[in-house]
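Quick look at start_1.txt (compact mmCIF, C-alpha atoms):
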# COMPACT_ATOMS: atom_id res chain seq x y z
CA MET A 19 0.00 0.00 0.00
CA SER A 20 1.98 2.97 -1.23
CA SER A 21 1.73 6.11 -3.30
CA THR A 22 4.35 8.38 -4.80
CA LYS A 23 1.83 11.21 -4.99
CA PRO A 24 2.67 13.96 -2.47
CA VAL A 25 -0.35 14.50 -0.28
CA SER A 26 -0.83 17.14 2.37
CA ASP A 27 -2.26 16.17 5.74
CA ALA A 28 -5.78 16.91 4.58
CA SER A 29 -7.34 15.37 7.67
CA ALA A 30 -5.83 17.83 10.09
CA VAL A 31 -8.73 19.73 11.59
CA LYS A 32 -6.43 22.59 12.53
CA PHE A 33 -6.60 23.65 8.88
CA VAL A 34 -10.12 24.73 8.03
CA GLU A 35 -11.00 26.20 4.66
CA LEU A 36 -13.42 29.12 5.01
CA GLU A 37 -15.58 30.91 2.50
CA LYS A 38 -14.86 34.55 1.62
CA ASP A 39 -17.41 35.74 4.20
CA GLY A 40 -15.66 33.74 6.94
CA SER A 41 -18.26 30.97 7.05
CA PHE A 42 -17.48 27.24 7.19
CA GLU A 43 -19.17 25.00 4.63
CA ARG A 44 -18.69 21.25 4.99
CA LYS A 45 -17.56 19.48 1.82
CA ALA A 46 -19.52 16.46 0.60
CA SER A 47 -18.12 12.98 1.21
CA SER A 48 -16.27 11.49 -1.76
CA PHE A 49 -16.97 7.73 -1.68
CA ARG A 50 -20.68 6.94 -2.00
CA ASN A 51 -20.99 3.24 -2.89
CA PHE A 52 -23.45 0.96 -1.13
CA ILE A 53 -23.52 -2.47 0.44
CA GLU A 54 -26.56 -4.18 -1.07
CA LYS A 55 -27.68 -7.66 -2.05
CA GLY A 56 -26.71 -8.33 -5.67
CA GLY A 57 -24.54 -5.21 -5.82
CA GLN A 58 -20.78 -4.71 -6.11
CA PHE A 59 -20.41 -4.83 -2.32
CA LYS A 60 -22.61 -7.61 -0.96
CA PRO A 61 -23.66 -8.06 2.66
CA GLU A 62 -21.70 -11.07 3.84
CA LYS A 63 -19.66 -12.15 6.78
CA VAL A 64 -16.37 -10.56 5.80
CA GLY A 65 -14.18 -8.04 7.56
CA THR A 66 -15.22 -4.45 6.94
CA ASN A 67 -13.93 -1.47 8.88
CA SER A 68 -15.96 1.48 10.05
CA TRP A 69 -15.20 4.60 12.05
CA ALA A 70 -17.15 7.33 13.89
CA THR A 71 -19.76 7.36 16.58
CA ARG A 72 -22.96 7.26 14.52
CA THR A 73 -21.82 4.09 12.82
CA LEU A 74 -20.54 2.53 16.06
CA ILE A 75 -23.90 3.07 17.75
CA VAL A 76 -25.89 1.54 14.90
CA ARG A 77 -23.41 -1.34 14.58
CA LYS A 78 -24.08 -2.23 18.21
CA LEU A 79 -27.85 -1.65 18.05
CA LYS A 80 -28.07 -4.06 15.11
CA GLY A 81 -25.68 -6.64 16.57
CA LEU A 82 -23.23 -6.38 13.68
CA GLU A 83 -20.07 -6.95 15.71
CA ASP A 84 -19.38 -10.25 13.92
CA PHE A 85 -19.83 -8.65 10.49
CA ILE A 86 -18.26 -5.23 10.87
CA ASP A 87 -14.79 -5.04 12.41
CA VAL A 88 -13.71 -1.73 13.87
CA LEU A 89 -10.36 0.02 13.80
CA VAL A 90 -9.85 3.28 15.64
CA VAL A 91 -7.56 5.75 13.87
CA ALA A 92 -4.72 7.09 15.99
CA PRO A 93 -3.59 10.72 15.51
CA PRO A 94 -1.07 11.50 12.73
CA THR A 95 2.69 11.27 13.04
CA GLY A 96 3.93 14.59 14.37
CA TRP A 97 1.23 14.73 17.03
CA GLU A 98 3.21 12.55 19.44
CA SER A 99 2.84 15.06 22.27
CA MET A 100 -0.92 14.82 22.03
CA PRO A 101 -2.31 13.04 25.11
CA ALA A 102 -3.02 9.39 24.18
CA ALA A 103 -1.53 9.92 20.73
CA SER A 104 0.29 6.66 20.05
CA PRO A 105 -1.46 3.42 19.09
CA ASP A 106 -0.22 1.85 22.33
CA THR A 107 -1.86 4.52 24.47
CA PHE A 108 -4.93 5.28 22.37
CA PRO A 109 -7.44 2.48 22.97
CA GLY A 110 -10.75 2.84 21.22
CA PRO A 111 -14.25 2.60 22.70
CA GLY A 112 -14.54 -1.02 23.75
CA CYS A 113 -10.76 -1.42 23.26
CA GLU A 114 -10.88 -2.01 19.50
CA PRO A 115 -7.62 -2.37 17.57
CA VAL A 116 -5.97 0.89 16.59
CA CYS A 117 -5.00 1.78 13.03
CA LYS A 118 -2.01 4.08 12.57
CA TYR A 119 -3.03 7.28 10.86
CA GLU A 120 -0.55 6.79 8.01
CA GLU A 121 -2.06 3.36 7.28
CA PHE A 122 -5.55 4.85 7.32
CA LYS A 123 -4.53 7.59 4.86
CA GLY A 124 -2.91 4.92 2.69
CA ARG A 125 -6.23 3.12 2.33
CA TYR A 126 -7.80 6.18 0.79
CA LEU A 127 -4.93 6.43 -1.67
CA GLN A 128 -5.10 2.70 -2.40
CA ALA A 129 -8.76 3.12 -3.36
CA GLU A 130 -8.08 6.28 -5.37
CA PRO A 131 -4.40 7.11 -6.07
CA ASN A 132 -5.31 10.63 -7.23
CA TYR A 133 -7.53 11.33 -4.24
CA GLU A 134 -7.26 14.97 -3.17
CA GLY A 135 -9.98 15.13 -0.51
CA ARG A 136 -9.75 14.96 3.25
CA PHE A 137 -8.97 11.69 5.02
CA THR A 138 -12.09 11.58 7.13
CA VAL A 139 -13.84 9.13 9.42
CA PRO A 140 -15.99 7.14 9.27
CA MET A 141 -14.70 5.14 6.35
CA LEU A 142 -16.17 1.80 5.35
CA TRP A 143 -13.45 -0.44 3.94
CA ASP A 144 -14.13 -3.73 2.17
CA THR A 145 -11.38 -6.24 2.95
CA LYS A 146 -12.49 -8.55 0.14
CA THR A 147 -11.97 -6.04 -2.68
CA GLU A 148 -9.57 -3.88 -0.63
CA THR A 149 -11.21 -0.57 -1.40
CA VAL A 150 -13.27 2.17 0.21
CA VAL A 151 -17.00 1.51 0.00
CA ASN A 152 -18.33 4.69 1.55
CA ASN A 153 -17.25 7.52 3.85
CA GLU A 154 -20.61 9.20 4.44
CA SER A 155 -21.95 8.28 7.89
CA SER A 156 -25.61 8.94 7.07
CA GLU A 157 -25.44 6.38 4.27
CA ILE A 158 -23.38 3.87 6.24
CA ILE A 159 -25.92 3.73 9.07
CA ARG A 160 -28.69 3.10 6.53
CA MET A 161 -26.73 0.14 5.15
CA PHE A 162 -26.15 -1.20 8.65
CA ASN A 163 -29.84 -0.83 9.40
CA ARG A 164 -31.13 -2.97 6.53
CA GLU A 165 -28.57 -4.85 4.45
CA PHE A 166 -27.50 -7.53 6.96
CA ASN A 167 -30.93 -8.50 8.31
CA GLU A 168 -31.02 -11.92 6.66
CA PHE A 169 -27.90 -12.95 8.60
CA LEU A 170 -29.05 -11.65 12.00
CA PRO A 171 -31.03 -13.19 14.85
CA ALA A 172 -34.71 -12.27 14.75
CA ASP A 173 -34.47 -9.71 17.57
CA LYS A 174 -31.66 -7.79 15.88
CA ALA A 175 -33.19 -8.04 12.41
CA ALA A 176 -36.37 -6.55 13.86
CA VAL A 177 -34.53 -3.40 14.95
CA ASP A 178 -35.48 -0.81 12.34
CA LEU A 179 -34.10 2.69 12.78
CA TYR A 180 -35.66 3.91 9.53
CA PRO A 181 -39.16 2.36 9.42
CA GLU A 182 -41.13 3.08 6.29
CA HIS A 183 -44.10 4.68 8.04
CA LEU A 184 -41.84 7.22 9.78
CA ARG A 185 -39.40 7.97 6.97
CA GLU A 186 -40.94 11.25 5.85
CA GLU A 187 -40.83 12.65 9.39
CA ILE A 188 -37.33 11.28 10.02
CA ASP A 189 -36.04 12.83 6.78
CA SER A 190 -37.61 16.16 7.65
CA ILE A 191 -36.05 16.31 11.12
CA ASN A 192 -32.69 15.05 9.86
CA GLU A 193 -32.54 17.83 7.30
CA TRP A 194 -32.84 20.80 9.65
CA VAL A 195 -31.04 19.13 12.55
CA TYR A 196 -28.04 18.40 10.32
CA ASP A 197 -27.92 21.89 8.86
CA THR A 198 -28.37 23.89 12.06
CA VAL A 199 -27.26 21.54 14.87
CA ASN A 200 -24.91 18.73 13.71
CA ASN A 201 -23.10 21.02 11.30
CA GLY A 202 -24.24 24.21 13.00
CA VAL A 203 -21.83 23.80 15.91
CA TYR A 204 -18.93 23.51 13.46
CA ARG A 205 -20.09 26.51 11.47
CA ALA A 206 -20.14 28.52 14.70
CA GLY A 207 -16.83 27.16 15.98
CA PHE A 208 -14.90 27.54 12.74
CA ALA A 209 -16.38 30.91 11.78
CA GLY A 210 -13.80 33.43 10.63
CA SER A 211 -15.92 36.52 11.19
CA GLN A 212 -18.42 37.79 13.73
CA SER A 213 -21.19 37.82 11.16
CA ALA A 214 -20.50 34.21 10.12
CA TYR A 215 -20.48 33.14 13.77
CA GLU A 216 -23.77 34.82 14.56
CA ALA A 217 -25.31 33.46 11.34
CA ALA A 218 -24.54 29.97 12.66
CA VAL A 219 -25.11 30.25 16.40
CA THR A 220 -28.53 31.94 16.17
CA PRO A 221 -30.24 29.16 14.13
CA LEU A 222 -28.41 26.56 16.26
CA PHE A 223 -30.21 27.69 19.39
CA GLU A 224 -33.46 28.24 17.54
CA SER A 225 -33.29 24.57 16.55
CA LEU A 226 -32.39 23.47 20.08
CA ASP A 227 -35.44 25.41 21.31
CA ARG A 228 -37.51 23.57 18.71
CA LEU A 229 -36.08 20.20 19.74
CA GLU A 230 -36.83 20.97 23.38
CA LYS A 231 -40.51 21.34 22.52
CA ILE A 232 -40.53 18.15 20.44
CA LEU A 233 -38.94 16.08 23.23
CA ALA A 234 -41.06 17.44 26.08
CA GLY A 235 -42.68 14.37 27.66
CA ARG A 236 -41.23 12.03 25.02
CA ASP A 237 -38.42 9.48 24.92
CA TYR A 238 -37.78 9.69 21.17
CA LEU A 239 -37.80 12.31 18.45
CA VAL A 240 -40.06 10.50 15.99
CA GLY A 241 -42.97 8.24 16.81
CA ASN A 242 -42.71 6.10 19.91
CA GLN A 243 -39.51 4.29 19.00
CA LEU A 244 -35.79 4.77 18.63
CA THR A 245 -34.88 5.91 15.11
CA GLU A 246 -31.83 7.15 13.26
CA ALA A 247 -33.00 10.69 14.07
CA ASP A 248 -32.18 10.01 17.73
CA VAL A 249 -28.78 8.55 16.84
CA ARG A 250 -27.87 11.52 14.65
CA LEU A 251 -28.84 14.09 17.29
CA PHE A 252 -27.28 12.15 20.17
CA VAL A 253 -23.73 12.36 18.84
CA THR A 254 -23.93 16.17 18.84
CA ALA A 255 -25.86 16.49 22.10
CA ILE A 256 -23.44 14.27 24.05
CA ARG A 257 -20.56 16.54 22.98
CA PHE A 258 -22.36 19.81 23.51
CA ASP A 259 -21.59 20.64 27.12
CA VAL A 260 -18.13 19.04 27.17
CA VAL A 261 -16.89 20.63 23.92
CA TYR A 262 -19.18 22.82 21.84
CA TYR A 263 -20.39 25.08 24.66
CA GLY A 264 -16.89 26.40 25.37
CA HIS A 265 -14.65 25.38 22.49
CA PHE A 266 -17.04 26.44 19.71
CA LYS A 267 -18.58 29.37 21.64
CA CYS A 268 -22.06 27.80 21.56
CA ASN A 269 -22.71 29.23 25.00
CA VAL A 270 -26.15 30.81 24.91
CA ARG A 271 -27.37 27.86 26.98
CA SER A 272 -25.93 24.49 27.95
CA ILE A 273 -27.90 21.29 27.51
CA ARG A 274 -27.83 20.46 31.22
CA GLY A 275 -28.68 24.01 32.27
CA GLY A 276 -31.08 25.21 29.61
CA TYR A 277 -32.85 22.27 27.98
CA PRO A 278 -34.43 19.89 30.53
CA ALA A 279 -36.29 17.76 27.96
CA ILE A 280 -33.23 17.31 25.71
CA HIS A 281 -31.12 16.64 28.78
CA LEU A 282 -33.46 13.91 30.04
CA TRP A 283 -33.69 12.32 26.57
CA LEU A 284 -29.88 12.36 26.30
CA ARG A 285 -29.34 10.79 29.72
CA LYS A 286 -31.93 8.08 29.15
CA LEU A 287 -30.22 6.99 25.94
CA TYR A 288 -26.77 7.07 27.54
CA TRP A 289 -27.58 5.39 30.84
CA THR A 290 -30.13 2.79 29.67
CA ASN A 291 -28.74 1.67 26.30
CA PRO A 292 -25.18 0.28 26.09
CA ALA A 293 -25.02 1.06 22.37
CA PHE A 294 -24.78 4.72 23.34
CA SER A 295 -22.69 4.63 26.51
CA SER A 296 -20.16 2.01 25.35
CA THR A 297 -19.29 3.97 22.20
CA CYS A 298 -18.63 7.23 24.03
CA ARG A 299 -15.24 8.14 25.50
CA PHE A 300 -15.25 11.64 26.97
CA ASP A 301 -11.46 11.72 27.34
CA HIS A 302 -11.09 11.06 23.61
CA ILE A 303 -13.77 13.61 22.73
CA LYS A 304 -12.26 16.44 24.75
CA THR A 305 -8.67 15.72 23.78
CA LEU A 306 -9.41 15.49 20.06
CA TYR A 307 -11.25 18.81 19.86
CA TYR A 308 -9.28 20.91 22.33
CA TRP A 309 -5.85 19.57 21.43
CA SER A 310 -6.05 19.23 17.67
CA GLN A 311 -8.00 22.33 16.62
CA VAL A 312 -5.26 24.87 17.19
CA ASN A 313 -7.00 27.47 15.06
CA VAL A 314 -9.65 27.57 17.80
CA ASN A 315 -7.50 26.64 20.83
CA PRO A 316 -3.88 27.62 20.03
CA HIS A 317 -2.44 26.70 23.45
CA ARG A 318 -4.06 23.25 23.41
CA ILE A 319 -5.44 23.58 26.91
CA VAL A 320 -7.96 20.83 27.64
CA PRO A 321 -10.50 21.96 30.26
CA VAL A 322 -11.16 19.94 33.40
CA GLY A 323 -14.93 20.41 33.32
CA PRO A 324 -17.74 20.04 33.11
CA VAL A 325 -18.01 17.76 36.10
CA PRO A 326 -19.47 15.25 35.66
CA ASP A 327 -19.16 14.69 31.92
CA ILE A 328 -22.76 13.50 31.94
CA VAL A 329 -25.23 13.82 34.80
CA PRO A 330 -26.67 10.55 36.19
CA LEU A 331 -30.36 9.82 35.77
What is this structure when it is put down as structure tokens?
Amino acid sequence: MSSTKPVSDASAVKFVELEKDGSFERKASSFRNFIEKGGQFKPEKVGTNSWATRTLIVRKLKGLEDFIDVLVVAPPTGWESMPAASPDTFPGPGCEPVCKYEEFKGRYLQAEPNYEGRFTVPMLWDTKTETVVNNESSEIIRMFNREFNEFLPADKAAVDLYPEHLREEIDSINEWVYDTVNNGVYRAGFAGSQSAYEAAVTPLFESLDRLEKILAGRDYLVGNQLTEADVRLFVTAIRFDVVYYGHFKCNVRSIRGGYPAIHLWLRKLYWTNPAFSSTCRFDHIKTLYYWSQVNVNPHRIVPVGPVPDIVPL
């Protein structure tokens, strides 16, 4: 696995490309193939690697541990002084094997030697064809949700995070939650001007206010069951108080202090469902953001709080 093509460290989050007005616009994922029966990448019991919290949660919810192997990517060479930077000291959630960053980058280049995009996670790698299947988390969790059902026990096959009768509502919520919340925190945190920051942080809290009303007296965002909409919001909500509130200046209100319904929903998922708690490492979360994003935190000071990371039920 090698390439003579010089490639910059395009994964480094300390380098963020901004628009002329100082706003941050996330680039689309590059690899968009699908696992599907009869397709190029078939659902079968072979080693496939996946990264990132959304995919880890759905992998566990669906019981795909025997089908989808996980490697956690260690920080790049040159970041040795980062706390828990080496593969030996950087265990993943659940103590999965660690992939050296240079090896991870090499897989992108093996799949596409002229690849000029960012080396992002999650990335779904097919060990049979030795290529990248997909690196868009929203599509990966859909594949996990449906494409392996015929191989799963009945209870796991019955788990449906995108049921047909709720799809229109799920899609609607996903659209504005992604734009203003999931990506909104990054647009606020990476803003290069006051106007760009305010253009991101204002709709972020308008959407959190809206979510607070939706979740009042409810355990789930859509219908009366866990769906991918909950998974997609959870990964941002669990990071909000420990990272986004301070690091990204999303400090109008905290989740624990300003949104009781969201806070209760978040804690119920974390404390009652191992798929959520076992895939969350607060030490990794805080270190990655505060240490690596030097454009936002140049002295790489990792805060002690909040204490606790998540409030008990």
> Which polymer residues have any atom within 10 Å of an atom of A:Asp39, counting all atoms listed in the file, with same-chain residues fewer than 5 positions away left out, as a list in words?
Replying inline: Ala209, Gly210, Ser211, Gln212, Ser213 and Ala214 of chain A
For A:Pro278, work out the shell of residues within 12 Å, counting all atoms listed in the file and skipping chain neighbours fewer than 2 positions away, then give it as a PDB file with C-alpha atoms, in the frame of the given file.
ATOM      1  CA  LEU A 226     -32.390  23.470  20.080  1.00  0.00           C
ATOM      2  CA  ASP A 227     -35.440  25.410  21.310  1.00  0.00           C
ATOM      3  CA  LEU A 229     -36.080  20.200  19.740  1.00  0.00           C
ATOM      4  CA  GLU A 230     -36.830  20.970  23.380  1.00  0.00           C
ATOM      5  CA  LYS A 231     -40.510  21.340  22.520  1.00  0.00           C
ATOM      6  CA  ILE A 232     -40.530  18.150  20.440  1.00  0.00           C
ATOM      7  CA  LEU A 233     -38.940  16.080  23.230  1.00  0.00           C
ATOM      8  CA  ALA A 234     -41.060  17.440  26.080  1.00  0.00           C
ATOM      9  CA  GLY A 235     -42.680  14.370  27.660  1.00  0.00           C
ATOM     10  CA  ARG A 236     -41.230  12.030  25.020  1.00  0.00           C
ATOM     11  CA  ARG A 271     -27.370  27.860  26.980  1.00  0.00           C
ATOM     12  CA  SER A 272     -25.930  24.490  27.950  1.00  0.00           C
ATOM     13  CA  ILE A 273     -27.900  21.290  27.510  1.00  0.00           C
ATOM     14  CA  ARG A 274     -27.830  20.460  31.220  1.00  0.00           C
ATOM     15  CA  GLY A 275     -28.680  24.010  32.270  1.00  0.00           C
ATOM     16  CA  GLY A 276     -31.080  25.210  29.610  1.00  0.00           C
ATOM     17  CA  ILE A 280     -33.230  17.310  25.710  1.00  0.00           C
ATOM     18  CA  HIS A 281     -31.120  16.640  28.780  1.00  0.00           C
ATOM     19  CA  LEU A 282     -33.460  13.910  30.040  1.00  0.00           C
ATOM     20  CA  TRP A 283     -33.690  12.320  26.570  1.00  0.00           C
ATOM     21  CA  LEU A 284     -29.880  12.360  26.300  1.00  0.00           C
ATOM     22  CA  ARG A 285     -29.340  10.790  29.720  1.00  0.00           C
ATOM     23  CA  VAL A 329     -25.230  13.820  34.800  1.00  0.00           C
TER      24      VAL A 329
END
> Quick one: of A:Asn153, A:Asp144, A:Val76, A:Val219, who's nearest to A:Tyr180, counting only C-alpha atoms?
Replying inline: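 Comparing A:Asn153, A:Asp144, A:Val76, A:Val219 against A:Tyr180, the winner is A:Val76.
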> Which neighbours of A:Phe300 fall inside 12 Å, counting all atoms listed in the file, when residues of the same chain fewer than 2 positions from it are skipped, and could you give them as a PyMOL selection string?
Replying inline: chain A and resi 110-111+253+256-261+295-298+302-308+320-328
Create the file for the chosen residues now, containing C-alpha atoms and written as an mmCIF file, keeping the file's coordinate frame.
data_model
loop_
_atom_site.group_PDB
_atom_site.id
_atom_site.type_symbol
_atom_site.label_atom_id
_atom_site.label_comp_id
_atom_site.auth_asym_id
_atom_site.auth_seq_id
_atom_site.Cartn_x
_atom_site.Cartn_y
_atom_site.Cartn_z
ATOM 1 C CA GLY A 110 -10.750 2.840 21.220
ATOM 2 C CA PRO A 111 -14.250 2.600 22.700
ATOM 3 C CA VAL A 253 -23.730 12.360 18.840
ATOM 4 C CA ILE A 256 -23.440 14.270 24.050
ATOM 5 C CA ARG A 257 -20.560 16.540 22.980
ATOM 6 C CA PHE A 258 -22.360 19.810 23.510
ATOM 7 C CA ASP A 259 -21.590 20.640 27.120
ATOM 8 C CA VAL A 260 -18.130 19.040 27.170
ATOM 9 C CA VAL A 261 -16.890 20.630 23.920
ATOM 10 C CA SER A 295 -22.690 4.630 26.510
ATOM 11 C CA SER A 296 -20.160 2.010 25.350
ATOM 12 C CA THR A 297 -19.290 3.970 22.200
ATOM 13 C CA CYS A 298 -18.630 7.230 24.030
ATOM 14 C CA HIS A 302 -11.090 11.060 23.610
ATOM 15 C CA ILE A 303 -13.770 13.610 22.730
ATOM 16 C CA LYS A 304 -12.260 16.440 24.750
ATOM 17 C CA THR A 305 -8.670 15.720 23.780
ATOM 18 C CA LEU A 306 -9.410 15.490 20.060
ATOM 19 C CA TYR A 307 -11.250 18.810 19.860
ATOM 20 C CA TYR A 308 -9.280 20.910 22.330
ATOM 21 C CA VAL A 320 -7.960 20.830 27.640
ATOM 22 C CA PRO A 321 -10.500 21.960 30.260
ATOM 23 C CA VAL A 322 -11.160 19.940 33.400
ATOM 24 C CA GLY A 323 -14.930 20.410 33.320
ATOM 25 C CA PRO A 324 -17.740 20.040 33.110
ATOM 26 C CA VAL A 325 -18.010 17.760 36.100
ATOM 27 C CA PRO A 326 -19.470 15.250 35.660
ATOM 28 C CA ASP A 327 -19.160 14.690 31.920
ATOM 29 C CA ILE A 328 -22.760 13.500 31.940
#
>> Would you compute the distance between atom CA of A:Leu89 and atom CA of A:Ile159? Give it in Å to one decimal.
In response: 16.7 Å
>> Ranking A:Thr198, A:Thr147, A:Thr138, A:Gln311 by minimum distance to A:Ala218 and counting only C-alpha atoms, which one comes first?
In response: A:Thr198
> Quick one: of A:Asn242, A:Thr73, A:Asn201, A:Asn313, who's nearest to A:Val139, counting all atoms listed in the file?
Replying inline: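 Of all the options, A:Thr73 lies closest to A:Val139.
Rounded to one decimal, atom CA of A:Glu157 and atom CA of A:Lys80 lie 15.3 Å from each other.
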>> Quick check, in Å to one decimal: how far apart do atom CA of A:Asp237 and atom CA of A:Gly207 lie?
In response: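 Pair atom CA of A:Asp237 / atom CA of A:Gly207 returns 29.3 Å.
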Need to verify the contact set: A:Ala175, 9 Å, all atoms listed in the file, exclusion of same-chain residues closer than 6 positions in sequence. Can you return it as an mmCIF file with C-alpha atoms, in the coordinates of the input?
data_model
loop_
_atom_site.group_PDB
_atom_site.id
_atom_site.type_symbol
_atom_site.label_atom_id
_atom_site.label_comp_id
_atom_site.auth_asym_id
_atom_site.auth_seq_id
_atom_site.Cartn_x
_atom_site.Cartn_y
_atom_site.Cartn_z
ATOM 1 C CA LYS A 80 -28.070 -4.060 15.110
ATOM 2 C CA GLY A 81 -25.680 -6.640 16.570
ATOM 3 C CA ASN A 163 -29.840 -0.830 9.400
ATOM 4 C CA ARG A 164 -31.130 -2.970 6.530
ATOM 5 C CA PHE A 166 -27.500 -7.530 6.960
ATOM 6 C CA ASN A 167 -30.930 -8.500 8.310
ATOM 7 C CA GLU A 168 -31.020 -11.920 6.660
ATOM 8 C CA PHE A 169 -27.900 -12.950 8.600
#
>> With all atoms listed in the file as the counted atoms, please give the residues lying no more than 12 Å from A:Tyr215, apart from itself and same-chain residues fewer than 5 positions off, as a PyMOL selection string.
In response: chain A and resi 36+39-42+202-210+220-222+266-268
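Considering the residues A:Lys118, A:Glu216, A:Glu193, A:Pro292 and counting all atoms listed in the file, A:Val270 has its shortest atom-to-atom contact with A:Glu216.
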